[in-house]
file structure07.pdb (PDB, C-alpha atoms)
MODEL        1
ATOM      1  CA  ALA Z   1     -61.750 -33.445  90.327
ATOM      2  CA  GLN Z   2     -58.809 -32.121  88.409
ATOM      3  CA  SER Z   3     -55.462 -31.364  90.020
ATOM      4  CA  VAL Z   4     -52.005 -30.194  88.995
ATOM      5  CA  THR Z   5     -48.671 -30.879  90.653
ATOM      6  CA  GLN Z   6     -45.493 -28.937  90.024
ATOM      7  CA  PRO Z   7     -42.876 -30.893  91.964
ATOM      8  CA  ASP Z   8     -40.171 -28.224  91.886
ATOM      9  CA  ILE Z   9     -40.806 -25.157  94.030
ATOM     10  CA  HIS Z  10     -37.577 -23.413  93.026
ATOM     11  CA  ILE Z  11     -35.158 -23.923  90.170
ATOM     12  CA  THR Z  12     -31.913 -22.027  89.677
ATOM     13  CA  VAL Z  13     -30.383 -22.048  86.221
ATOM     14  CA  SER Z  14     -27.448 -20.255  84.635
ATOM     15  CA  GLU Z  15     -28.104 -17.827  81.820
ATOM     16  CA  GLY Z  16     -27.751 -19.646  78.520
ATOM     17  CA  ALA Z  17     -28.436 -23.057  80.027
ATOM     18  CA  SER Z  18     -31.484 -25.139  79.243
ATOM     19  CA  LEU Z  19     -34.564 -25.179  81.461
ATOM     20  CA  GLU Z  20     -37.207 -27.821  82.081
ATOM     21  CA  LEU Z  21     -40.149 -27.355  84.418
ATOM     22  CA  ARG Z  22     -42.210 -30.348  85.395
ATOM     23  CA  CYS Z  23     -45.982 -30.559  85.498
ATOM     24  CA  ASN Z  24     -48.183 -33.542  86.285
ATOM     25  CA  TYR Z  25     -51.948 -33.392  86.082
ATOM     26  CA  SER Z  26     -54.875 -35.493  87.118
ATOM     27  CA  TYR Z  27     -58.069 -35.336  85.106
ATOM     28  CA  GLY Z  28     -60.544 -37.965  84.031
ATOM     29  CA  ALA Z  29     -61.087 -36.824  80.458
ATOM     30  CA  THR Z  30     -58.993 -35.160  77.789
ATOM     31  CA  PRO Z  31     -57.263 -32.276  79.493
ATOM     32  CA  TYR Z  32     -56.670 -28.824  78.171
ATOM     33  CA  LEU Z  33     -53.263 -27.736  79.447
ATOM     34  CA  PHE Z  34     -51.658 -24.347  79.862
ATOM     35  CA  TRP Z  35     -48.459 -22.761  81.035
ATOM     36  CA  TYR Z  36     -48.568 -19.224  82.408
ATOM     37  CA  VAL Z  37     -45.744 -16.974  83.600
ATOM     38  CA  GLN Z  38     -46.027 -14.375  86.344
ATOM     39  CA  SER Z  39     -43.537 -11.639  87.147
ATOM     40  CA  PRO Z  40     -43.526 -10.237  90.708
ATOM     41  CA  GLY Z  41     -46.702  -8.311  91.515
ATOM     42  CA  GLN Z  42     -48.124  -8.890  88.059
ATOM     43  CA  GLY Z  43     -50.893 -10.910  86.486
ATOM     44  CA  LEU Z  44     -50.471 -14.077  84.472
ATOM     45  CA  GLN Z  45     -49.284 -14.203  80.876
ATOM     46  CA  LEU Z  46     -50.051 -17.229  78.724
ATOM     47  CA  LEU Z  47     -46.934 -18.939  77.362
ATOM     48  CA  LEU Z  48     -48.594 -21.790  75.495
ATOM     49  CA  LYS Z  49     -51.554 -24.134  75.480
ATOM     50  CA  TYR Z  50     -52.456 -27.651  74.431
ATOM     51  CA  PHE Z  51     -55.960 -28.508  73.300
ATOM     52  CA  SER Z  52     -55.435 -31.386  70.869
ATOM     53  CA  GLY Z  53     -53.284 -32.521  67.956
ATOM     54  CA  ASP Z  54     -49.517 -32.331  67.935
ATOM     55  CA  THR Z  55     -48.259 -33.136  71.406
ATOM     56  CA  LEU Z  56     -45.275 -30.791  71.097
ATOM     57  CA  VAL Z  57     -46.526 -27.253  71.469
ATOM     58  CA  GLN Z  58     -44.605 -24.089  70.680
ATOM     59  CA  GLY Z  59     -45.212 -20.933  72.653
ATOM     60  CA  ILE Z  60     -43.982 -17.413  73.048
ATOM     61  CA  LYS Z  61     -40.518 -16.358  74.236
ATOM     62  CA  GLY Z  62     -38.932 -19.540  72.851
ATOM     63  CA  PHE Z  63     -40.772 -21.921  75.185
ATOM     64  CA  GLU Z  64     -42.182 -25.298  74.210
ATOM     65  CA  ALA Z  65     -44.049 -28.027  76.064
ATOM     66  CA  GLU Z  66     -44.734 -31.669  75.407
ATOM     67  CA  PHE Z  67     -47.959 -33.450  76.345
ATOM     68  CA  LYS Z  68     -47.418 -37.072  77.369
ATOM     69  CA  ARG Z  69     -50.718 -38.760  78.092
ATOM     70  CA  SER Z  70     -49.082 -41.970  79.362
ATOM     71  CA  GLN Z  71     -47.207 -40.002  82.020
ATOM     72  CA  SER Z  72     -49.941 -37.412  82.679
ATOM     73  CA  SER Z  73     -47.309 -34.764  82.152
ATOM     74  CA  PHE Z  74     -46.956 -31.460  80.353
ATOM     75  CA  ASN Z  75     -43.371 -30.325  80.923
ATOM     76  CA  LEU Z  76     -42.167 -26.906  79.828
ATOM     77  CA  ARG Z  77     -38.761 -26.435  78.205
ATOM     78  CA  LYS Z  78     -36.530 -23.695  76.903
ATOM     79  CA  PRO Z  79     -33.190 -24.468  75.237
ATOM     80  CA  SER Z  80     -31.372 -21.332  76.363
ATOM     81  CA  VAL Z  81     -32.542 -19.208  79.286
ATOM     82  CA  HIS Z  82     -32.294 -15.419  79.347
ATOM     83  CA  TRP Z  83     -32.082 -13.320  82.523
ATOM     84  CA  SER Z  84     -35.550 -11.969  81.718
ATOM     85  CA  ASP Z  85     -36.998 -15.483  82.144
ATOM     86  CA  ALA Z  86     -36.664 -15.180  85.921
ATOM     87  CA  ALA Z  87     -40.270 -15.395  87.123
ATOM     88  CA  GLU Z  88     -42.831 -17.810  88.513
ATOM     89  CA  TYR Z  89     -44.308 -20.378  86.179
ATOM     90  CA  PHE Z  90     -47.694 -22.001  86.600
ATOM     91  CA  CYS Z  91     -49.081 -25.067  84.918
ATOM     92  CA  ALA Z  92     -52.869 -25.283  84.697
ATOM     93  CA  VAL Z  93     -55.503 -27.716  83.520
ATOM     94  CA  GLY Z  94     -58.883 -26.659  82.207
ATOM     95  CA  ALA Z  95     -61.953 -28.533  81.080
ATOM     96  CA  LYS Z  96     -64.906 -27.519  79.011
ATOM     97  CA  ALA Z  97     -67.156 -29.602  81.237
ATOM     98  CA  ALA Z  98     -66.025 -27.591  84.240
ATOM     99  CA  GLY Z  99     -66.933 -24.236  82.755
ATOM    100  CA  ASN Z 100     -63.443 -23.750  81.376
ATOM    101  CA  LYS Z 101     -62.229 -22.812  84.846
ATOM    102  CA  LEU Z 102     -58.568 -23.459  85.456
ATOM    103  CA  THR Z 103     -56.924 -25.499  88.185
ATOM    104  CA  PHE Z 104     -53.361 -24.355  88.806
ATOM    105  CA  GLY Z 105     -50.326 -26.013  90.228
ATOM    106  CA  GLY Z 106     -48.414 -24.418  93.064
ATOM    107  CA  GLY Z 107     -45.899 -22.835  90.719
ATOM    108  CA  THR Z 108     -42.160 -23.056  90.147
ATOM    109  CA  ARG Z 109     -39.990 -20.029  90.817
ATOM    110  CA  VAL Z 110     -37.109 -19.752  88.361
ATOM    111  CA  LEU Z 111     -33.968 -17.874  89.307
ATOM    112  CA  VAL Z 112     -31.412 -17.097  86.600
ATOM    113  CA  LYS Z 113     -27.734 -16.787  87.506
ATOM    114  CA  PRO Z 114     -25.535 -14.556  85.355
TER     115      PRO Z 114
ATOM    116  CA  ASP R 115     -58.236  -3.069  73.321
ATOM    117  CA  THR R 116     -55.924  -2.936  76.306
ATOM    118  CA  GLY R 117     -56.722  -6.333  77.769
ATOM    119  CA  VAL R 118     -58.281  -7.144  81.115
ATOM    120  CA  SER R 119     -58.218  -4.204  83.483
ATOM    121  CA  GLN R 120     -58.522  -4.352  87.272
ATOM    122  CA  ASP R 121     -58.985  -1.543  89.730
ATOM    123  CA  PRO R 122     -57.542  -0.757  92.189
ATOM    124  CA  ARG R 123     -54.123  -2.368  91.844
ATOM    125  CA  HIS R 124     -53.540  -2.202  95.580
ATOM    126  CA  LYS R 125     -55.867  -1.888  98.541
ATOM    127  CA  ILE R 126     -55.035  -1.673 102.216
ATOM    128  CA  THR R 127     -57.978  -1.916 104.559
ATOM    129  CA  LYS R 128     -58.629  -2.385 108.237
ATOM    130  CA  ARG R 129     -60.118  -5.612 109.473
ATOM    131  CA  GLY R 130     -63.886  -5.464 109.475
ATOM    132  CA  GLN R 131     -64.173  -2.985 106.611
ATOM    133  CA  ASN R 132     -65.857  -3.744 103.291
ATOM    134  CA  VAL R 133     -63.933  -3.579 100.019
ATOM    135  CA  THR R 134     -64.987  -3.734  96.381
ATOM    136  CA  PHE R 135     -62.842  -4.531  93.363
ATOM    137  CA  ARG R 136     -63.655  -3.953  89.723
ATOM    138  CA  CYS R 137     -62.725  -5.939  86.632
ATOM    139  CA  ASP R 138     -63.199  -4.832  83.023
ATOM    140  CA  PRO R 139     -62.771  -7.807  80.676
ATOM    141  CA  ILE R 140     -61.728  -7.773  77.045
ATOM    142  CA  SER R 141     -64.712  -6.272  75.284
ATOM    143  CA  GLU R 142     -65.964  -9.231  73.244
ATOM    144  CA  HIS R 143     -65.362 -11.800  75.987
ATOM    145  CA  ASN R 144     -68.540 -13.281  77.445
ATOM    146  CA  ARG R 145     -66.898 -15.264  80.252
ATOM    147  CA  LEU R 146     -65.363 -13.660  83.301
ATOM    148  CA  TYR R 147     -63.556 -15.424  86.135
ATOM    149  CA  TRP R 148     -62.315 -14.439  89.569
ATOM    150  CA  TYR R 149     -59.347 -16.177  91.184
ATOM    151  CA  ARG R 150     -57.553 -15.638  94.482
ATOM    152  CA  GLN R 151     -53.809 -16.098  94.878
ATOM    153  CA  THR R 152     -52.099 -16.149  98.252
ATOM    154  CA  LEU R 153     -48.372 -15.671  98.623
ATOM    155  CA  GLY R 154     -46.351 -18.547  97.228
ATOM    156  CA  GLN R 155     -49.398 -20.376  95.874
ATOM    157  CA  GLY R 156     -51.071 -20.825  92.530
ATOM    158  CA  PRO R 157     -54.339 -19.032  91.799
ATOM    159  CA  GLU R 158     -57.514 -20.668  93.095
ATOM    160  CA  PHE R 159     -60.842 -20.415  91.340
ATOM    161  CA  LEU R 160     -63.530 -18.371  93.094
ATOM    162  CA  THR R 161     -66.392 -17.849  90.651
ATOM    163  CA  TYR R 162     -67.256 -17.240  87.026
ATOM    164  CA  PHE R 163     -69.895 -15.574  84.872
ATOM    165  CA  GLN R 164     -71.234 -16.252  81.439
ATOM    166  CA  ASN R 165     -72.544 -12.869  80.363
ATOM    167  CA  GLU R 166     -74.462 -11.627  83.431
ATOM    168  CA  ALA R 167     -75.205 -15.078  84.883
ATOM    169  CA  GLN R 168     -73.051 -16.355  87.724
ATOM    170  CA  LEU R 169     -72.679 -20.029  86.845
ATOM    171  CA  GLU R 170     -70.427 -21.400  89.554
ATOM    172  CA  LYS R 171     -69.108 -20.424  92.960
ATOM    173  CA  SER R 172     -66.271 -22.186  94.721
ATOM    174  CA  ARG R 173     -66.642 -23.413  98.283
ATOM    175  CA  LEU R 174     -63.782 -20.978  98.974
ATOM    176  CA  LEU R 175     -66.243 -18.160  98.463
ATOM    177  CA  SER R 176     -67.731 -17.576 101.896
ATOM    178  CA  ASP R 177     -70.941 -15.669 102.490
ATOM    179  CA  ARG R 178     -68.890 -12.520 102.989
ATOM    180  CA  PHE R 179     -67.932 -12.573  99.323
ATOM    181  CA  SER R 180     -70.263 -11.518  96.555
ATOM    182  CA  ALA R 181     -69.650 -10.976  92.866
ATOM    183  CA  GLU R 182     -71.782  -9.335  90.235
ATOM    184  CA  ARG R 183     -71.709  -8.721  86.530
ATOM    185  CA  PRO R 184     -74.894  -6.719  86.081
ATOM    186  CA  LYS R 185     -74.779  -5.959  82.370
ATOM    187  CA  GLY R 186     -72.522  -8.735  81.223
ATOM    188  CA  SER R 187     -69.584  -6.376  80.883
ATOM    189  CA  PHE R 188     -67.562  -5.314  83.943
ATOM    190  CA  SER R 189     -67.708  -7.251  87.199
ATOM    191  CA  THR R 190     -67.311  -6.358  90.856
ATOM    192  CA  LEU R 191     -66.118  -8.509  93.729
ATOM    193  CA  GLU R 192     -67.106  -7.335  97.194
ATOM    194  CA  ILE R 193     -65.734  -8.631 100.459
ATOM    195  CA  GLN R 194     -67.688  -7.694 103.569
ATOM    196  CA  ARG R 195     -66.222  -7.566 107.073
ATOM    197  CA  THR R 196     -62.719  -8.297 105.850
ATOM    198  CA  GLU R 197     -60.454 -10.610 107.818
ATOM    199  CA  GLN R 198     -56.684 -10.901 107.789
ATOM    200  CA  GLY R 199     -57.020 -14.202 105.965
ATOM    201  CA  ASP R 200     -58.548 -12.349 103.028
ATOM    202  CA  SER R 201     -55.176 -10.773 102.268
ATOM    203  CA  ALA R 202     -54.281 -12.014  98.795
ATOM    204  CA  MET R 203     -54.031 -11.085  95.142
ATOM    205  CA  TYR R 204     -57.426 -11.152  93.445
ATOM    206  CA  LEU R 205     -57.136 -11.939  89.765
ATOM    207  CA  CYS R 206     -59.746 -11.489  87.087
ATOM    208  CA  ALA R 207     -59.682 -13.288  83.744
ATOM    209  CA  SER R 208     -61.884 -13.312  80.676
ATOM    210  CA  SER R 209     -62.404 -15.579  77.703
ATOM    211  CA  ILE R 210     -64.744 -16.273  74.834
ATOM    212  CA  SER R 211     -67.118 -19.196  75.028
ATOM    213  CA  ARG R 212     -69.265 -20.149  72.062
ATOM    214  CA  TRP R 213     -71.645 -23.087  72.035
ATOM    215  CA  GLY R 214     -70.070 -26.092  70.388
ATOM    216  CA  SER R 215     -66.600 -24.604  70.249
ATOM    217  CA  ALA R 216     -63.523 -25.810  72.052
ATOM    218  CA  LEU R 217     -61.991 -24.257  75.093
ATOM    219  CA  THR R 218     -60.269 -20.920  74.527
ATOM    220  CA  GLU R 219     -57.581 -19.430  76.661
ATOM    221  CA  ALA R 220     -58.257 -17.034  79.488
ATOM    222  CA  PHE R 221     -56.547 -13.656  79.596
ATOM    223  CA  PHE R 222     -55.672 -12.335  83.031
ATOM    224  CA  GLY R 223     -55.612  -8.863  84.467
ATOM    225  CA  GLN R 224     -52.805  -7.468  86.617
ATOM    226  CA  GLY R 225     -54.698  -8.288  89.787
ATOM    227  CA  THR R 226     -55.707  -6.367  92.907
ATOM    228  CA  ARG R 227     -53.430  -6.864  95.895
ATOM    229  CA  LEU R 228     -55.480  -6.714  99.110
ATOM    230  CA  THR R 229     -53.828  -6.260 102.478
ATOM    231  CA  VAL R 230     -56.010  -6.456 105.571
ATOM    232  CA  VAL R 231     -54.403  -4.926 108.659
TER     233      VAL R 231
ENDMDL
END

call {"tool": "encode", "arguments": {"input": "structure07.pdb", "output": "structure tokens"}}
result
Amino acid sequence: AQSVTQPDIHITVSEGASLELRCNYSYGATPYLFWYVQSPGQGLQLLLKYFSGDTLVQGIKGFEAEFKRSQSSFNLRKPSVHWSDAAEYFCAVGAKAAGNKLTFGGGTRVLVKP
Amino acid sequence: DTGVSQDPRHKITKRGQNVTFRCDPISEHNRLYWYRQTLGQGPEFLTYFQNEAQLEKSRLLSDRFSAERPKGSFSTLEIQRTEQGDSAMYLCASSISRWGSALTEAFFGQGTRLTVV
């Protein structure tokens, strides 16, 4: 069975500073990996995805993520955080063999200090 | 196309009552998923449809829960005899699945927040 771990429940970062959110997954085959963002009371918006190919993936809002198979990780990064990036971030793994359903991590809440 | 639409956005119900939620997926999407998200947690998979066929149900989905997608378009999720533990955000997502093609991303609706009092 697939699983996702996001070790950091909360992260506080100053506006303009860099941000890195950690994600570790467990899956027996080639994973499909996603990062979603959720603002309070809202649904999930896709930031980026990794299916295959280049292990450094660019997404929306200036985010990028790097797939490292040897570490079973898919960490999300942003070089310079904006106040509007305050939200909850979810890493997810999906698999075609599992009906494309997603397994999510517990999320990381990002707070941005002025 | 306005994306995945869910109705209602909020529902407060008394314990023991039945509730029904509706999800309208993106029009050309043949797959539809339901997830449940409790406070402070990530979404958990409940069930999914390919067109009108319900292909998988999670063990989380007790007998009080039923989902339908009668014409392969919109879907409903009904909870009978609600309990306080059913209080959560219910999220719907849709995607395209074509035989032989790779995974495509799921697009989520805004969710229905259920509060059982």

call {"tool": "closest_residue", "arguments": {"input": "structure07.pdb", "among": "Z:Phe67, Z:Phe74, Z:Tyr36, Z:Trp83", "to": "chain R", "atoms": "only C-alpha atoms"}}
result
Z:Tyr36

call {"tool": "atom_distance", "arguments": {"input": "structure07.pdb", "atom1": "CA of Ser84 in chain Z", "atom2": "CA of Glu64 in chain Z"}}
result
16.7 Å

call {"tool": "residues_around", "arguments": {"input": "structure07.pdb", "residues": "Ile193 in chain R", "least_positions_apart": "3", "cutoff": "8 Å", "atoms": "only C-alpha atoms", "output": "JSON, numbers by chain"}}
result
{"R": [132, 133, 134, 178, 179, 180, 196]}

call {"tool": "resolve_selection", "arguments": {"input": "structure07.pdb", "expression": "the ChimeraX specification (/Z :<8) & /R", "output": "PyMOL selection string"}}
result
chain R and resi 147+154-159+162+205+216-217+219+221-225

call {"tool": "resolve_selection", "arguments": {"input": "structure07.pdb", "expression": "the PyMOL selection byres ((chain Z and resi 72) around 7)", "output": "list in words"}}
result
Asn24, Tyr25, Ser26, Lys68, Arg69, Ser70, Gln71 and Ser73 of chain Z
